[in-house]
file final_3.cif (mmCIF, C-alpha atoms)
data_structure
#
loop_
_atom_site.label_atom_id
_atom_site.label_comp_id
_atom_site.auth_asym_id
_atom_site.auth_seq_id
_atom_site.Cartn_x
_atom_site.Cartn_y
_atom_site.Cartn_z
CA MET G 1461 29.63 -124.96 -60.17
CA LEU G 1462 28.21 -122.67 -62.84
CA LEU G 1463 30.90 -120.00 -62.65
CA LYS G 1464 33.70 -122.56 -62.50
CA ASN G 1465 32.55 -124.03 -65.79
CA TYR G 1466 32.90 -120.69 -67.56
CA SER G 1467 36.29 -120.34 -69.14
CA GLN G 1468 38.35 -117.22 -68.57
CA LYS G 1469 38.19 -116.49 -72.30
CA ARG G 1470 34.38 -116.61 -72.37
CA ILE G 1471 34.12 -114.31 -69.37
CA SER G 1472 36.56 -111.90 -71.03
CA TYR G 1473 34.45 -111.80 -74.20
CA SER G 1474 31.32 -111.12 -72.14
CA LEU G 1475 33.03 -108.31 -70.22
CA TYR G 1476 34.30 -106.75 -73.44
CA ILE G 1477 30.84 -106.74 -75.03
CA PHE G 1478 29.31 -105.27 -71.86
CA SER G 1479 32.00 -102.57 -71.70
CA LEU G 1480 31.57 -101.82 -75.42
CA LEU G 1481 27.81 -101.38 -75.15
CA LEU G 1482 28.12 -99.34 -71.96
CA ASN G 1483 30.63 -96.97 -73.58
CA LEU G 1484 28.32 -96.51 -76.56
CA VAL G 1485 25.45 -95.64 -74.21
CA PHE G 1486 27.68 -93.16 -72.36
CA PHE G 1487 28.67 -91.60 -75.68
CA ILE G 1488 25.04 -91.08 -76.71
CA ILE G 1489 24.12 -89.57 -73.33
CA PHE G 1490 27.17 -87.31 -73.06
CA LYS G 1491 27.05 -86.14 -76.67
CA ASN G 1492 23.40 -85.17 -76.46
CA PHE G 1493 23.18 -83.76 -72.94
CA PHE G 1494 26.65 -82.82 -71.68
CA LYS G 1495 28.72 -82.15 -74.79
CA ASP G 1496 30.02 -78.74 -73.72
CA GLU G 1497 31.01 -79.99 -70.26
CA ILE G 1498 32.32 -83.46 -71.01
CA ILE G 1499 33.86 -83.65 -74.49
CA ILE G 1500 37.35 -82.16 -74.33
CA THR G 1501 39.95 -81.98 -77.08
CA ASP G 1502 43.57 -80.94 -76.75
CA PRO G 1503 44.22 -79.04 -80.01
CA ARG G 1504 47.94 -79.76 -79.88
CA PHE G 1505 47.42 -83.46 -80.53
CA GLU G 1506 45.08 -82.70 -83.42
CA LYS G 1507 47.48 -80.15 -84.92
CA VAL G 1508 50.35 -82.66 -84.91
CA ALA G 1509 48.04 -85.29 -86.44
CA TYR G 1510 46.98 -82.82 -89.14
CA ASN G 1511 50.61 -82.01 -89.97
CA LEU G 1512 51.55 -85.70 -90.03
CA ILE G 1513 48.88 -86.22 -92.69
CA HIS G 1514 49.62 -83.18 -94.83
CA ASN G 1515 53.35 -82.55 -94.58
CA GLY G 1516 54.79 -85.47 -92.61
CA THR G 1517 55.99 -83.35 -89.65
CA SER G 1518 55.01 -83.24 -85.98
CA GLU G 1519 55.30 -79.47 -85.89
CA ILE G 1520 53.13 -77.18 -83.78
CA ASN G 1521 53.37 -73.39 -83.67
CA TRP G 1522 52.44 -71.65 -80.43
CA GLY G 1523 52.25 -68.27 -82.04
CA ASP G 1524 49.90 -68.71 -84.98
CA GLY G 1525 46.71 -68.25 -82.91
CA LYS G 1526 45.44 -71.75 -83.79
CA ILE G 1527 46.87 -73.87 -80.98
CA MET G 1528 46.43 -71.27 -78.24
CA LEU G 1529 44.45 -68.09 -78.76
CA ASN G 1530 46.58 -66.01 -76.40
CA PRO G 1531 49.90 -67.75 -75.73
CA PHE G 1532 52.43 -66.14 -73.42
CA GLU G 1533 55.55 -64.68 -75.01
CA ILE G 1534 57.81 -67.34 -73.51
CA GLN G 1535 55.58 -70.08 -74.97
CA LYS G 1536 55.67 -68.82 -78.53
CA GLY G 1537 57.71 -70.74 -81.06
CA VAL G 1538 57.78 -73.77 -83.32
CA TYR G 1539 58.01 -77.19 -81.68
CA ASN G 1540 58.65 -80.60 -83.24
CA ASN G 1541 59.29 -82.54 -80.04
CA TRP G 1542 56.95 -81.02 -77.47
CA TYR G 1543 54.45 -83.84 -76.97
CA PRO G 1544 54.74 -87.65 -77.28
CA ILE G 1545 53.67 -88.64 -80.78
CA VAL G 1546 51.64 -91.88 -80.43
CA TYR G 1547 48.25 -90.33 -79.69
CA SER G 1548 48.63 -87.91 -82.60
CA LEU G 1549 49.42 -90.89 -84.87
CA TRP G 1550 46.21 -92.48 -83.61
CA LEU G 1551 44.22 -89.33 -84.45
CA THR G 1552 45.40 -89.36 -88.06
CA ILE G 1553 42.90 -92.17 -88.73
CA PRO G 1554 39.71 -90.27 -87.76
CA LEU G 1555 41.09 -86.96 -89.09
CA MET G 1556 41.23 -88.42 -92.59
CA THR G 1557 37.43 -88.79 -92.46
CA ASN G 1558 37.00 -84.97 -92.19
CA GLU G 1559 33.37 -84.22 -91.26
CA ASN G 1560 32.92 -87.55 -89.42
CA TYR G 1561 35.98 -86.97 -87.25
CA LEU G 1562 34.31 -86.96 -83.80
CA ILE G 1563 32.17 -90.04 -84.53
CA VAL G 1564 35.07 -92.05 -85.96
CA ARG G 1565 37.44 -91.01 -83.17
CA THR G 1566 34.92 -92.00 -80.52
CA PHE G 1567 34.08 -95.29 -82.26
CA LEU G 1568 37.76 -96.29 -82.49
CA GLN G 1569 38.37 -95.34 -78.87
CA VAL G 1570 35.32 -97.31 -77.75
CA ILE G 1571 36.75 -100.39 -79.48
CA LEU G 1572 40.18 -99.96 -77.87
CA PHE G 1573 39.35 -98.63 -74.41
CA SER G 1574 36.63 -101.24 -73.83
CA MET G 1575 39.56 -103.64 -73.43
CA ILE G 1576 40.65 -101.95 -70.20
CA PRO G 1577 38.08 -103.78 -67.97
CA VAL G 1578 39.06 -107.08 -69.64
CA LEU G 1579 42.72 -106.45 -68.84
CA VAL G 1580 41.77 -105.56 -65.26
CA PHE G 1581 39.83 -108.86 -65.02
CA SER G 1582 42.96 -110.80 -66.04
CA ILE G 1583 45.19 -108.76 -63.71
CA SER G 1584 42.75 -109.37 -60.83
CA LEU G 1585 42.93 -113.13 -61.40
CA HIS G 1586 46.65 -112.86 -60.64
CA ILE G 1587 46.09 -110.63 -57.61
CA PHE G 1588 43.45 -112.90 -56.06
CA LYS G 1589 44.86 -116.20 -57.34
CA TYR G 1590 44.82 -117.83 -53.88
CA HIS G 1591 41.24 -116.79 -53.11
CA GLU G 1592 38.54 -119.42 -53.56
CA HIS G 1593 36.22 -116.82 -55.14
CA ARG G 1594 38.86 -115.26 -57.37
CA LYS G 1595 36.79 -115.32 -60.57
CA ARG G 1596 33.84 -113.60 -58.96
CA ILE G 1597 36.09 -111.01 -57.34
CA ALA G 1598 37.83 -110.39 -60.67
CA ILE G 1599 34.47 -109.96 -62.46
CA ILE G 1600 33.20 -107.48 -59.88
CA THR G 1601 36.48 -105.55 -60.08
CA SER G 1602 36.17 -105.40 -63.86
CA LEU G 1603 32.58 -104.15 -63.61
CA MET G 1604 33.72 -101.42 -61.22
CA VAL G 1605 36.20 -100.30 -63.89
CA CYS G 1606 33.42 -100.36 -66.52
CA LEU G 1607 31.29 -98.07 -64.36
CA TYR G 1608 34.11 -95.81 -63.19
CA PRO G 1609 32.99 -92.38 -64.50
CA ILE G 1610 36.47 -91.11 -65.37
CA TYR G 1611 37.18 -94.18 -67.49
CA ALA G 1612 33.72 -94.10 -69.04
CA ASN G 1613 34.55 -90.61 -70.23
CA PHE G 1614 37.79 -91.72 -71.95
CA THR G 1615 36.16 -92.55 -75.25
CA LEU G 1616 34.91 -88.98 -75.66
CA GLN G 1617 38.22 -87.25 -75.08
CA GLY G 1618 40.71 -85.94 -77.61
CA SER G 1619 43.60 -86.33 -75.18
CA ASP G 1620 46.06 -89.12 -74.45
CA THR G 1621 45.04 -90.11 -70.90
CA GLY G 1622 42.82 -93.00 -72.01
CA MET G 1623 45.50 -94.47 -74.26
CA ILE G 1624 48.13 -94.16 -71.51
CA THR G 1625 45.77 -96.03 -69.17
CA PHE G 1626 45.22 -98.76 -71.77
CA PHE G 1627 48.93 -99.38 -72.34
CA ASN G 1628 49.64 -99.20 -68.62
CA ALA G 1629 47.03 -101.90 -67.97
CA LEU G 1630 48.28 -103.93 -70.95
CA SER G 1631 51.89 -103.70 -69.74
CA LEU G 1632 50.93 -104.82 -66.22
CA TYR G 1633 48.91 -107.74 -67.59
CA LEU G 1634 51.80 -108.83 -69.84
CA LEU G 1635 54.27 -108.49 -66.96
CA PHE G 1636 52.19 -110.85 -64.82
CA GLN G 1637 51.76 -113.25 -67.74
CA SER G 1638 55.50 -113.16 -68.41
CA ILE G 1639 56.69 -113.86 -64.89
CA ASN G 1640 54.06 -116.54 -64.23
CA THR G 1641 54.34 -118.50 -67.49
CA ARG G 1642 57.95 -117.64 -68.53
CA LYS G 1643 56.84 -117.87 -72.16
CA LEU G 1644 58.93 -115.96 -74.70
CA LYS G 1645 55.90 -114.50 -76.51
CA TYR G 1646 54.74 -112.60 -73.43
CA PHE G 1647 58.17 -111.06 -72.83
CA ILE G 1648 58.28 -109.86 -76.46
CA GLN G 1649 54.74 -108.47 -76.22
CA LEU G 1650 55.69 -106.73 -72.96
CA GLY G 1651 58.66 -105.12 -74.72
CA ILE G 1652 56.39 -103.80 -77.47
CA SER G 1653 53.84 -102.47 -74.98
CA LEU G 1654 56.53 -100.71 -72.92
CA SER G 1655 57.97 -99.16 -76.08
CA VAL G 1656 54.58 -97.67 -76.94
CA LEU G 1657 54.09 -96.56 -73.33
CA PHE G 1658 57.41 -94.69 -73.52
CA LEU G 1659 56.18 -92.86 -76.64
CA LEU G 1660 53.01 -91.94 -74.72
CA ARG G 1661 54.35 -91.11 -71.24
CA PRO G 1662 58.14 -91.55 -70.77
CA ILE G 1663 57.95 -91.67 -66.97
CA GLY G 1664 55.65 -94.69 -67.37
CA LEU G 1665 58.76 -96.80 -67.97
CA LEU G 1666 60.17 -96.06 -64.50
CA PRO G 1667 57.82 -98.35 -62.51
CA TYR G 1668 58.28 -101.20 -64.98
CA PHE G 1669 62.05 -100.93 -64.92
CA VAL G 1670 61.85 -101.15 -61.12
CA LEU G 1671 59.53 -104.17 -61.27
CA ILE G 1672 61.59 -106.01 -63.89
CA PHE G 1673 64.82 -105.46 -61.96
CA ILE G 1674 63.14 -106.77 -58.78
CA GLU G 1675 61.96 -109.82 -60.72
CA LEU G 1676 65.45 -110.28 -62.20
CA PHE G 1677 66.96 -110.30 -58.71
CA GLN G 1678 64.33 -112.70 -57.35
CA SER G 1679 64.65 -115.04 -60.33
CA TYR G 1680 68.44 -115.13 -60.04
CA LYS G 1681 68.21 -115.66 -56.29
CA ASN G 1682 65.71 -118.53 -56.66
CA LYS G 1683 67.56 -120.03 -59.66
CA ILE G 1684 64.64 -119.47 -62.03
CA ASN G 1685 65.23 -118.71 -65.70
CA TYR G 1686 65.70 -114.95 -65.81
CA LYS G 1687 67.23 -114.41 -69.27
CA TYR G 1688 63.92 -113.60 -70.97
CA LEU G 1689 63.48 -110.66 -68.57
CA ILE G 1690 66.26 -108.89 -70.47
CA ILE G 1691 64.09 -108.81 -73.62
CA PRO G 1692 61.51 -106.13 -72.57
CA LEU G 1693 64.30 -104.03 -71.06
CA PHE G 1694 66.30 -104.23 -74.29
CA MET G 1695 63.28 -103.44 -76.46
CA ALA G 1696 62.37 -100.43 -74.33
CA PHE G 1697 65.98 -99.27 -74.49
CA LEU G 1698 65.89 -99.54 -78.29
CA SER G 1699 62.74 -97.37 -78.44
CA ILE G 1700 64.43 -94.74 -76.25
CA MET G 1701 67.52 -94.71 -78.48
CA ALA G 1702 65.37 -94.62 -81.63
CA TRP G 1703 63.56 -91.52 -80.36
CA GLY G 1704 66.87 -89.89 -79.55
CA MET G 1705 68.15 -90.65 -83.07
CA ARG G 1706 64.95 -89.25 -84.56
CA ASN G 1707 65.55 -85.94 -82.78
CA LEU G 1708 69.22 -85.97 -83.76
CA ILE G 1709 68.31 -86.38 -87.43
CA LEU G 1710 65.54 -83.76 -87.40
CA ALA G 1711 67.08 -81.12 -85.14
CA GLY G 1712 70.70 -82.05 -84.53
CA GLU G 1713 69.92 -82.74 -80.86
CA PHE G 1714 70.13 -86.20 -79.27
CA ASN G 1715 67.21 -85.85 -76.87
CA ILE G 1716 65.61 -89.07 -75.61
CA THR G 1717 62.55 -87.40 -74.07
CA TYR G 1718 60.60 -84.26 -75.00
CA THR G 1719 61.27 -80.54 -74.89
CA ASN G 1720 58.48 -79.92 -72.38
CA VAL G 1721 60.57 -81.58 -69.64
CA GLY G 1722 62.50 -78.42 -68.71
CA TYR G 1723 59.38 -76.28 -68.97
CA ASN G 1724 57.43 -78.58 -66.61
CA LEU G 1725 60.37 -78.83 -64.20
CA TRP G 1726 60.57 -75.05 -63.98
CA LEU G 1727 56.77 -74.64 -63.61
CA GLY G 1728 56.87 -76.92 -60.58
CA ASN G 1729 59.98 -75.30 -59.10
CA ASN G 1730 60.12 -71.50 -59.06
CA GLU G 1731 59.61 -68.70 -56.55
CA PHE G 1732 55.85 -68.45 -57.24
CA THR G 1733 55.00 -72.16 -57.28
CA ASN G 1734 54.52 -72.43 -53.52
CA GLN G 1735 51.84 -69.75 -53.23
CA VAL G 1736 49.89 -71.21 -56.16
CA LEU G 1737 50.03 -74.74 -54.72
CA LYS G 1738 48.87 -73.50 -51.32
CA LYS G 1739 46.00 -71.63 -52.94
CA ARG G 1740 45.00 -74.67 -55.08
CA LEU G 1741 45.64 -77.40 -52.48
CA GLY G 1742 48.52 -78.82 -54.50
CA ASP G 1743 46.71 -78.87 -57.85
CA GLY G 1744 49.16 -77.75 -60.52
CA SER G 1745 46.68 -77.41 -63.39
CA THR G 1746 46.70 -73.58 -63.16
CA LEU G 1747 50.45 -73.07 -62.71
CA GLU G 1748 50.91 -71.77 -66.26
CA ASP G 1749 48.23 -69.11 -65.89
CA GLU G 1750 49.38 -67.95 -62.45
CA VAL G 1751 53.18 -68.25 -62.69
CA ILE G 1752 54.13 -67.25 -66.24
CA PRO G 1753 52.82 -63.61 -66.02
CA HIS G 1754 55.58 -62.93 -63.47
CA PHE G 1755 58.26 -63.90 -66.02
CA ASP G 1756 56.71 -63.21 -69.41
CA LYS G 1757 58.17 -59.74 -70.01
CA LYS G 1758 61.52 -60.46 -68.38
CA TRP G 1759 62.06 -63.60 -70.45
CA LYS G 1760 60.57 -62.32 -73.68
CA PHE G 1761 63.79 -63.27 -75.48
CA LEU G 1762 62.86 -66.97 -75.15
CA LYS G 1763 60.53 -66.80 -78.14
CA GLU G 1764 63.63 -66.31 -80.31
CA LEU G 1765 65.24 -69.55 -79.09
CA ASN G 1766 64.58 -72.97 -80.56
CA GLU G 1767 62.76 -75.58 -78.47
CA TYR G 1768 65.95 -77.35 -77.30
CA GLU G 1769 67.56 -74.10 -76.19
CA LYS G 1770 64.37 -73.26 -74.26
CA ASP G 1771 64.39 -76.74 -72.73
CA ARG G 1772 67.95 -76.28 -71.44
CA PHE G 1773 67.13 -72.80 -70.13
CA PHE G 1774 64.09 -73.98 -68.17
CA LYS G 1775 65.95 -77.04 -66.83
CA SER G 1776 68.75 -74.84 -65.53
CA LYS G 1777 66.25 -72.49 -63.83
CA GLY G 1778 64.32 -75.39 -62.26
CA ILE G 1779 67.47 -77.12 -60.98
CA GLU G 1780 68.82 -73.81 -59.69
CA PHE G 1781 65.67 -73.22 -57.63
CA ILE G 1782 65.71 -76.78 -56.22
CA THR G 1783 69.36 -76.58 -55.13
CA ASN G 1784 68.96 -73.11 -53.63
CA ASN G 1785 65.63 -73.80 -51.87
CA PRO G 1786 65.65 -77.40 -50.55
CA LEU G 1787 63.13 -76.82 -47.74
CA GLU G 1788 60.62 -75.06 -49.99
CA THR G 1789 61.10 -77.84 -52.55
CA VAL G 1790 60.18 -80.42 -49.90
CA GLU G 1791 57.12 -78.37 -48.90
CA ASN G 1792 56.11 -78.08 -52.57
CA SER G 1793 56.47 -81.85 -52.98
CA LEU G 1794 54.11 -82.43 -50.05
CA LEU G 1795 51.59 -80.05 -51.62
CA LYS G 1796 51.99 -81.81 -54.97
CA PHE G 1797 51.32 -85.10 -53.18
CA ILE G 1798 47.98 -83.70 -51.97
CA GLY G 1799 47.16 -82.41 -55.45
CA TYR G 1800 48.03 -85.74 -57.03
CA TRP G 1801 45.66 -87.67 -54.77
CA SER G 1802 42.89 -85.09 -54.70
CA PRO G 1803 39.69 -86.33 -56.38
CA LEU G 1804 39.01 -82.85 -57.82
CA ARG G 1805 40.86 -80.11 -59.63
CA MET G 1806 40.97 -76.85 -57.72
CA ARG G 1807 40.38 -74.38 -60.55
CA GLU G 1808 37.68 -72.06 -61.77
CA GLY G 1809 36.06 -71.74 -65.17
CA HIS G 1810 36.58 -75.40 -66.03
CA TRP G 1811 34.19 -78.30 -66.61
CA SER G 1812 35.75 -79.98 -63.56
CA ASP G 1813 33.82 -77.46 -61.47
CA SER G 1814 30.42 -78.57 -62.75
CA ARG G 1815 28.10 -79.88 -60.04
CA ILE G 1816 27.58 -83.17 -61.86
CA LYS G 1817 31.33 -83.77 -62.15
CA THR G 1818 31.93 -82.81 -58.53
CA LEU G 1819 29.15 -85.05 -57.21
CA VAL G 1820 30.08 -88.06 -59.34
CA THR G 1821 33.77 -87.73 -58.49
CA ILE G 1822 33.14 -87.52 -54.75
CA ILE G 1823 30.82 -90.55 -54.85
CA PHE G 1824 33.06 -92.79 -56.96
CA THR G 1825 36.67 -91.58 -56.80
CA GLY G 1826 36.77 -90.54 -53.13
CA PRO G 1827 36.04 -94.02 -51.67
CA ILE G 1828 38.41 -95.70 -54.15
CA LEU G 1829 41.28 -93.41 -53.13
CA ILE G 1830 40.61 -93.96 -49.41
CA LEU G 1831 40.13 -97.75 -49.63
CA GLY G 1832 43.07 -98.10 -51.99
CA TRP G 1833 45.38 -96.50 -49.45
CA ILE G 1834 43.88 -98.56 -46.62
CA SER G 1835 44.76 -101.66 -48.66
CA ILE G 1836 48.35 -100.42 -49.03
CA ILE G 1837 48.59 -99.76 -45.28
CA PHE G 1838 47.19 -103.25 -44.47
CA PHE G 1839 49.73 -104.75 -46.85
CA LEU G 1840 52.63 -103.02 -45.09
CA ILE G 1841 51.39 -103.69 -41.54
CA GLN G 1842 50.76 -107.37 -42.18
CA ARG G 1843 53.99 -107.77 -44.18
CA GLU G 1844 52.35 -109.54 -47.07
CA TYR G 1845 55.08 -108.71 -49.57
CA LYS G 1846 56.55 -112.23 -49.50
CA GLN G 1847 53.24 -114.05 -49.92
CA ARG G 1848 51.56 -111.68 -52.41
CA ARG G 1849 54.10 -110.69 -55.03
CA GLU G 1850 51.55 -109.41 -57.56
CA LYS G 1851 49.95 -107.08 -55.02
CA LEU G 1852 53.41 -105.78 -54.09
CA TYR G 1853 54.04 -105.04 -57.77
CA ILE G 1854 50.77 -103.12 -58.12
CA ILE G 1855 51.65 -100.98 -55.09
CA ILE G 1856 55.13 -100.31 -56.48
CA LEU G 1857 53.54 -99.31 -59.80
CA VAL G 1858 51.19 -96.84 -58.08
CA ILE G 1859 53.99 -95.28 -55.98
CA ALA G 1860 56.67 -95.20 -58.70
CA TRP G 1861 54.20 -93.62 -61.14
CA MET G 1862 53.52 -90.87 -58.61
CA VAL G 1863 57.07 -89.98 -57.48
CA PRO G 1864 58.30 -88.12 -60.62
CA HIS G 1865 55.27 -85.82 -60.48
CA LEU G 1866 56.37 -84.62 -57.03
CA LEU G 1867 59.51 -83.26 -58.69
CA PHE G 1868 57.66 -81.56 -61.56
CA PHE G 1869 54.01 -80.72 -60.80
CA SER G 1870 50.90 -82.77 -60.25
CA THR G 1871 47.21 -82.83 -60.99
CA THR G 1872 44.52 -85.51 -60.91
CA ARG G 1873 44.97 -86.20 -64.65
CA PHE G 1874 48.44 -87.63 -64.02
CA ARG G 1875 47.10 -90.15 -61.49
CA ILE G 1876 44.24 -91.46 -63.63
CA PRO G 1877 46.28 -94.09 -65.57
CA THR G 1878 46.82 -95.93 -62.26
CA ASP G 1879 43.27 -95.61 -60.92
CA PHE G 1880 42.45 -99.16 -62.07
CA CYS G 1881 45.18 -100.35 -59.65
CA LEU G 1882 43.41 -98.49 -56.84
CA ILE G 1883 40.13 -100.15 -57.81
CA ILE G 1884 41.85 -103.55 -57.51
CA LEU G 1885 43.26 -102.56 -54.12
CA THR G 1886 39.79 -101.37 -53.09
CA MET G 1887 38.38 -104.80 -53.92
CA ASP G 1888 41.16 -106.36 -51.86
CA VAL G 1889 39.96 -104.43 -48.79
CA LEU G 1890 36.30 -105.18 -49.48
CA THR G 1891 36.94 -108.93 -49.83
CA ARG G 1892 38.73 -108.93 -46.49
CA ILE G 1893 35.59 -107.47 -44.91
CA ILE G 1894 32.92 -109.31 -46.89
CA PHE G 1895 34.28 -112.83 -46.62
CA LYS G 1896 34.58 -112.60 -42.87
CA TYR G 1897 30.81 -112.90 -42.69
CA LYS G 1898 29.49 -116.38 -43.43
CA LYS G 1899 26.06 -115.09 -44.45
CA VAL G 1900 27.53 -112.97 -47.23
CA THR G 1901 29.75 -115.82 -48.37
CA SER G 1902 26.75 -118.13 -48.41
CA PHE G 1903 24.77 -115.60 -50.41
CA LEU G 1904 27.55 -115.28 -52.99
CA ASN G 1905 27.62 -119.07 -53.33
CA LYS G 1906 23.99 -119.20 -54.41
CA GLU G 1907 23.46 -120.24 -57.99
CA PHE G 1908 21.34 -117.24 -59.06
CA VAL G 1909 24.01 -114.80 -57.81
CA LYS G 1910 26.66 -116.64 -59.82
CA THR G 1911 24.42 -116.44 -62.85
CA PHE G 1912 23.90 -112.71 -62.35
CA LEU G 1913 27.67 -112.11 -62.13
CA ILE G 1914 28.13 -113.88 -65.45
CA TYR G 1915 25.26 -112.43 -67.42
#
call {"tool": "encode", "arguments": {"input": "final_3.cif", "output": "structure tokens"}}
result
Amino acid sequence: MLLKNYSQKRISYSLYIFSLLLNLVFFIIFKNFFKDEIIITDPRFEKVAYNLIHNGTSEINWGDGKIMLNPFEIQKGVYNNWYPIVYSLWLTIPLMTNENYLIVRTFLQVILFSMIPVLVFSISLHIFKYHEHRKRIAIITSLMVCLYPIYANFTLQGSDTGMITFFNALSLYLLFQSINTRKLKYFIQLGISLSVLFLLRPIGLLPYFVLIFIELFQSYKNKINYKYLIIPLFMAFLSIMAWGMRNLILAGEFNITYTNVGYNLWLGNNEFTNQVLKKRLGDGSTLEDEVIPHFDKKWKFLKELNEYEKDRFFKSKGIEFITNNPLETVENSLLKFIGYWSPLRMREGHWSDSRIKTLVTIIFTGPILILGWISIIFFLIQREYKQRREKLYIIILVIAWMVPHLLFFSTTRFRIPTDFCLIILTMDVLTRIIFKYKKVTSFLNKEFVKTFLIY
């Protein structure tokens, strides 16, 4: 009875404090022993943040030797709409502290990203809502997220992956709250979260649009109030239009995404992509270094074009290759699929190649990827989609998040924002196995085990 008497709110507070303290411990360890291998900063986000503070622009210059020491000719130029802006806005806070930048950035990210396990706890309660041990399962799932090395490393990074993961988890939590309670406040909050997610990773909206439209259809079919579901869609649409208007005002171009879209499409679809993907087992993290030298001299004129003209040029080249080489495009997509789900990056001279990183990744990420997919296969074989709507939605999120990367290019970094979903699916498989054995169930019912799972 002990665990049942603990409110969900009290458990959430306990998980947050545990996650907070654990992240602080990780920070101390990594900063003092593995700083050169673990702490990574993308200078482009910092440069935009610096410009936002000092001149109010989001400009970056790929030819001044500050962003990239040796940029290729076709990369050179001034960009105002290359990267999503939210993470750079976030970095303006620690950047204003000057010499304390790294400490303040890490402290703020510890506060925010420690919420991810709490959100996973709440999501898991929805996933396992018909299970008699749902609270215990949700707590264990949340603890797995706390201890997941990739997520533990979020607080140290100067890149946007951790924030994308946070808003992805927040959006999923708010979606479940919205469709289960039908309260207006959750639909509004979901709209806000999706708007921010769009300004972090535009393709992140795709899975949620799919899920909301499915829910709209089901609600209409079952004669359940569906009107509130329009709210998050409308709010997300407004954020898309607002970004397009921002670009129209600044550059005279109504562009609702970013000018790296064409560049990334071309990188993943050109005559040299296939040999690189075969060499790297589908990992696209080295495509720039291995593909661009073949085009750099021939396309030297690109440095004279503005970012929108470059974007259109690269889009046309990428689409041209896809239409002219459909079979190779399919083969490339299969290789990108492997790269997306690979636990490791296949590149040299990078911290991902360190023995510690390789060992930890194989131990933790490998089993989660395997068990997560086993859970998906079980779900399809047993046709659980009618009985377990929330699990269906998590699977749709994982798949719909992946699909666009098969068109562009993929690497493990793009999958990470959905890894918490795979951890939940892993727990789903483990509970199927564990609770088939009465001895284990009896053990989990013991009072001291319940106490341990709380404290």
call {"tool": "closest_residue", "arguments": {"input": "final_3.cif", "among": "G:Lys1775, G:Arg1661, G:Arg1504, G:Lys1687", "to": "G:Leu1725", "atoms": "all atoms listed in the file"}}
result
G:Lys1775
call {"tool": "resolve_selection", "arguments": {"input": "final_3.cif", "expression": "the PyMOL selection byres ((chain G and resi 1564-1567) around 8)", "output": "list of chain:residue names"}}
result
G:Phe1487, G:Leu1551, G:Ile1553, G:Pro1554, G:Thr1557, G:Asn1560, G:Tyr1561, G:Leu1562, G:Ile1563, G:Leu1568, G:Gln1569, G:Val1570, G:Ile1571, G:Thr1615, G:Leu1616, G:Gln1617
call {"tool": "resolve_selection", "arguments": {"input": "final_3.cif", "expression": "the PyMOL selection byres ((chain G and resi 1547) around 9)", "output": "PyMOL selection string"}}
result
chain G and resi 1505+1509+1544-1546+1548-1552+1618-1620+1623+1659-1660
call {"tool": "residues_around", "arguments": {"input": "final_3.cif", "residues": "G:Leu1747", "least_positions_apart": "6", "cutoff": "8 Å", "atoms": "all atoms listed in the file", "output": "PDB file with C-alpha atoms, in the frame of the given file"}}
result
ATOM      1  CA  LEU G1727      56.770 -74.640 -63.610  1.00  0.00           C
ATOM      2  CA  GLY G1728      56.870 -76.920 -60.580  1.00  0.00           C
ATOM      3  CA  THR G1733      55.000 -72.160 -57.280  1.00  0.00           C
ATOM      4  CA  VAL G1736      49.890 -71.210 -56.160  1.00  0.00           C
TER       5      VAL G1736
END
call {"tool": "resolve_selection", "arguments": {"input": "final_3.cif", "expression": "the PyMOL selection byres ((chain G and resi 1694) around 12)", "output": "list in words"}}
result
Phe1647, Ile1648, Leu1650, Gly1651, Ile1652, Leu1654, Ser1655, Phe1669, Ile1672, Lys1687, Tyr1688, Leu1689, Ile1690, Ile1691, Pro1692, Leu1693, Met1695, Ala1696, Phe1697, Leu1698, Ser1699, Ile1700 and Met1701 of chain G
call {"tool": "atom_distance", "arguments": {"input": "final_3.cif", "atom1": "atom CA of G:Leu1481", "atom2": "atom CA of G:Lys1469"}}
result
18.6 Å
call {"tool": "atom_distance", "arguments": {"input": "final_3.cif", "atom1": "atom CA of G:Glu1764", "atom2": "atom CA of G:Gly1523"}}
result
11.7 Å
call {"tool": "atom_distance", "arguments": {"input": "final_3.cif", "atom1": "atom CA of G:Val1889", "atom2": "atom CA of G:Ile1639"}}
result
25.1 Å
call {"tool": "closest_residue", "arguments": {"input": "final_3.cif", "among": "G:Ile1477, G:Ile1471, G:Leu1840, G:Val1656", "to": "G:Arg1596", "atoms": "only C-alpha atoms"}}
result
G:Ile1471
